[in-house]
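To start, the structure under review is shown below, and the notes come after it.
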Amino acid sequence: MIKRYISAMLSAALLLTLSLAFVACGGGSSSTTPTQSTAAAATPKASSSATNSATSAASPTTASTTLATAANATLGENVLVDSAGRTLYTYGNDTASSSACTGACATIWPPLTIASGSAPKAGSGVTGTLATITRSDGTRQVTYDGAPLYTYQKDAQAGDASGDGVNSFHAALP
């Protein structure tokens, strides 16, 4: 009888641990503070290098504020990329202009952030509206047509898109 009870408790603990591991990308929200940017025919060169002044557990991406599009051979279509050519992603659990990816999620999926007082710029092929939101940790995250943008920790180099379809994340399409 005691063996069965201990076995049941261990099974329940294992199930709880696995469940928590799968929901690591939940929680938190952000308020919207849009800063509109119009699409311009610019090159995807870096316009500025932003620094992250927030004290969060995640390492947000703070590269250039210029976004562009690039053909992705793996996906067979054009995707949004940052100035380093890294694929940008949207998260299906985000709401309009609000990020649901915080904590451990934001460590795996670093948000594309921008320094205070800066505005994202539209490079080659970017026709949607660029803006920013303020995340729950105080950083400003770049959005495309209202969707917060992220990079993926496992993408090793420009052109990688290994995060497409993982945990409700998808490559951002222009």
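To be explicit about the labels: the chains of the structure tokens are called A, B, and onward in the order shown, and within each one the residues are counted from 1, while ligands get numbers from 1 in the order they are shown.
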Considering only C-alpha atoms, return as a PDB file with N, CA and C atoms, in the first residue's frame whatever protein or nucleic-acid residues lie within 7 Å of Leu88 in chain A, sequence-local ones (same chain, fewer than 2 positions apart) excluded.
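Listed below is the output, around-v1.pdb:
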ATOM      1  N   LEU A  80      11.490  38.421 -42.173  1.00  0.00           N
ATOM      2  CA  LEU A  80      12.094  39.596 -41.557  1.00  0.00           C
ATOM      3  C   LEU A  80      13.384  39.194 -40.866  1.00  0.00           C
ATOM      4  N   VAL A  81      14.400  40.052 -40.974  1.00  0.00           N
ATOM      5  CA  VAL A  81      15.680  39.801 -40.325  1.00  0.00           C
ATOM      6  C   VAL A  81      16.161  41.091 -39.660  1.00  0.00           C
ATOM      7  N   ASP A  82      17.038  40.933 -38.657  1.00  0.00           N
ATOM      8  CA  ASP A  82      17.655  42.107 -38.055  1.00  0.00           C
ATOM      9  C   ASP A  82      18.875  42.497 -38.884  1.00  0.00           C
ATOM     10  N   ARG A  86      19.842  37.854 -38.820  1.00  0.00           N
ATOM     11  CA  ARG A  86      19.190  36.821 -38.007  1.00  0.00           C
ATOM     12  C   ARG A  86      17.689  36.868 -38.226  1.00  0.00           C
ATOM     13  N   LEU A 149       8.645  41.219 -31.756  1.00  0.00           N
ATOM     14  CA  LEU A 149       9.632  40.420 -32.493  1.00  0.00           C
ATOM     15  C   LEU A 149      10.693  39.836 -31.563  1.00  0.00           C
ATOM     16  N   TYR A 150      11.164  38.632 -31.935  1.00  0.00           N
ATOM     17  CA  TYR A 150      12.148  37.887 -31.157  1.00  0.00           C
ATOM     18  C   TYR A 150      13.197  37.276 -32.085  1.00  0.00           C
ATOM     19  N   THR A 151      14.360  36.942 -31.515  1.00  0.00           N
ATOM     20  CA  THR A 151      15.315  36.070 -32.189  1.00  0.00           C
ATOM     21  C   THR A 151      15.239  34.720 -31.485  1.00  0.00           C
ATOM     22  N   ALA A 171       8.551  32.288 -37.974  1.00  0.00           N
ATOM     23  CA  ALA A 171       9.344  33.320 -38.651  1.00  0.00           C
ATOM     24  C   ALA A 171       8.399  34.453 -39.042  1.00  0.00           C
ATOM     25  N   ALA A 172       8.858  35.674 -38.779  1.00  0.00           N
ATOM     26  CA  ALA A 172       8.042  36.855 -39.109  1.00  0.00           C
ATOM     27  C   ALA A 172       8.095  37.094 -40.615  1.00  0.00           C
TER      28      ALA A 172
END
Review point. Pick from A:Pro174, A:Pro148, A:Pro120, A:Gly76: nearest to Thr95 in chain A, with only C-alpha atoms counted?
Key: A:Pro148
**Study point:** Atom-to-atom span, CA of Gly125 in chain A and CA of Thr69 in chain A, Å
**Key:**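 We find that CA of Gly125 in chain A and CA of Thr69 in chain A lie 5.3 Å from each other.
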Review point. Got a sec: who's within 12 Å of Tyr152 in chain A, counting only C-alpha atoms, leaving out chain neighbours fewer than 3 positions off, as a VMD selection string?
Key: chain A and resid 59 to 61 81 to 82 86 to 91 105 to 112 149 155 to 167 169 to 172
Review point. Can you list, as a PyMOL selection string, every protein, DNA or RNA residue that comes within 7 Å of Asn78 in chain A when you count only C-alpha atoms, leaving out same-chain residues fewer than 4 positions away?
Key: chain A and resi 69-72+173
Exercise for review: Check the DSSP output for the backbone and give back, as a PyMOL selection string, the residues of range 103-140 of chain A in alpha helix (DSSP H).
Suggested key: chain A and resi 104-108
If you run DSSP on this backbone, which residues of range 103-138 of chain A come out as strand (DSSP E or B), and could you give them as a short mmCIF file (atom, residue, chain, number, x, y, z; two decimals) with N, CA and C atoms, in the first residue's frame?
data_model
loop_
_atom_site.label_atom_id
_atom_site.label_comp_id
_atom_site.auth_asym_id
_atom_site.auth_seq_id
_atom_site.Cartn_x
_atom_site.Cartn_y
_atom_site.Cartn_z
N PRO A 111 13.90 38.95 -26.91
CA PRO A 111 13.13 39.96 -27.62
C PRO A 111 14.07 40.92 -28.35
N LEU A 112 13.62 41.42 -29.49
CA LEU A 112 14.38 42.44 -30.23
C LEU A 112 14.06 43.76 -29.55
N THR A 113 15.04 44.31 -28.84
CA THR A 113 14.82 45.53 -28.09
C THR A 113 15.57 46.69 -28.71
N ILE A 114 15.21 47.88 -28.25
CA ILE A 114 15.77 49.10 -28.79
C ILE A 114 15.98 50.08 -27.63
N LYS A 121 13.79 51.23 -37.75
CA LYS A 121 13.78 51.72 -39.13
C LYS A 121 13.49 50.57 -40.09
N ALA A 122 12.74 50.88 -41.13
CA ALA A 122 12.38 49.89 -42.15
C ALA A 122 13.45 49.88 -43.23
N LEU A 130 6.39 49.57 -38.17
CA LEU A 130 7.31 49.28 -37.07
C LEU A 130 6.97 50.20 -35.91
N ALA A 131 6.98 49.66 -34.71
CA ALA A 131 6.71 50.42 -33.49
C ALA A 131 7.42 49.73 -32.34
N THR A 132 7.17 50.19 -31.12
CA THR A 132 7.74 49.54 -29.95
C THR A 132 6.66 49.40 -28.87
N ILE A 133 6.87 48.45 -27.96
CA ILE A 133 6.06 48.31 -26.76
C ILE A 133 7.02 48.34 -25.58
N THR A 134 6.50 48.63 -24.42
CA THR A 134 7.30 48.56 -23.21
C THR A 134 6.99 47.23 -22.53
#
Practice item. Calculate how many Å separate CA of Thr65 in chain A from CA of Ser136 in chain A, rounding to one decimal. Key: 20.5 Å
Point to revise | Interatomic distance (Å, one decimal) between CA of Ala68 in chain A and CA of Gly138 in chain A | key: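 Spanning CA of Ala68 in chain A to CA of Gly138 in chain A is a straight-line distance of 25.5 Å.
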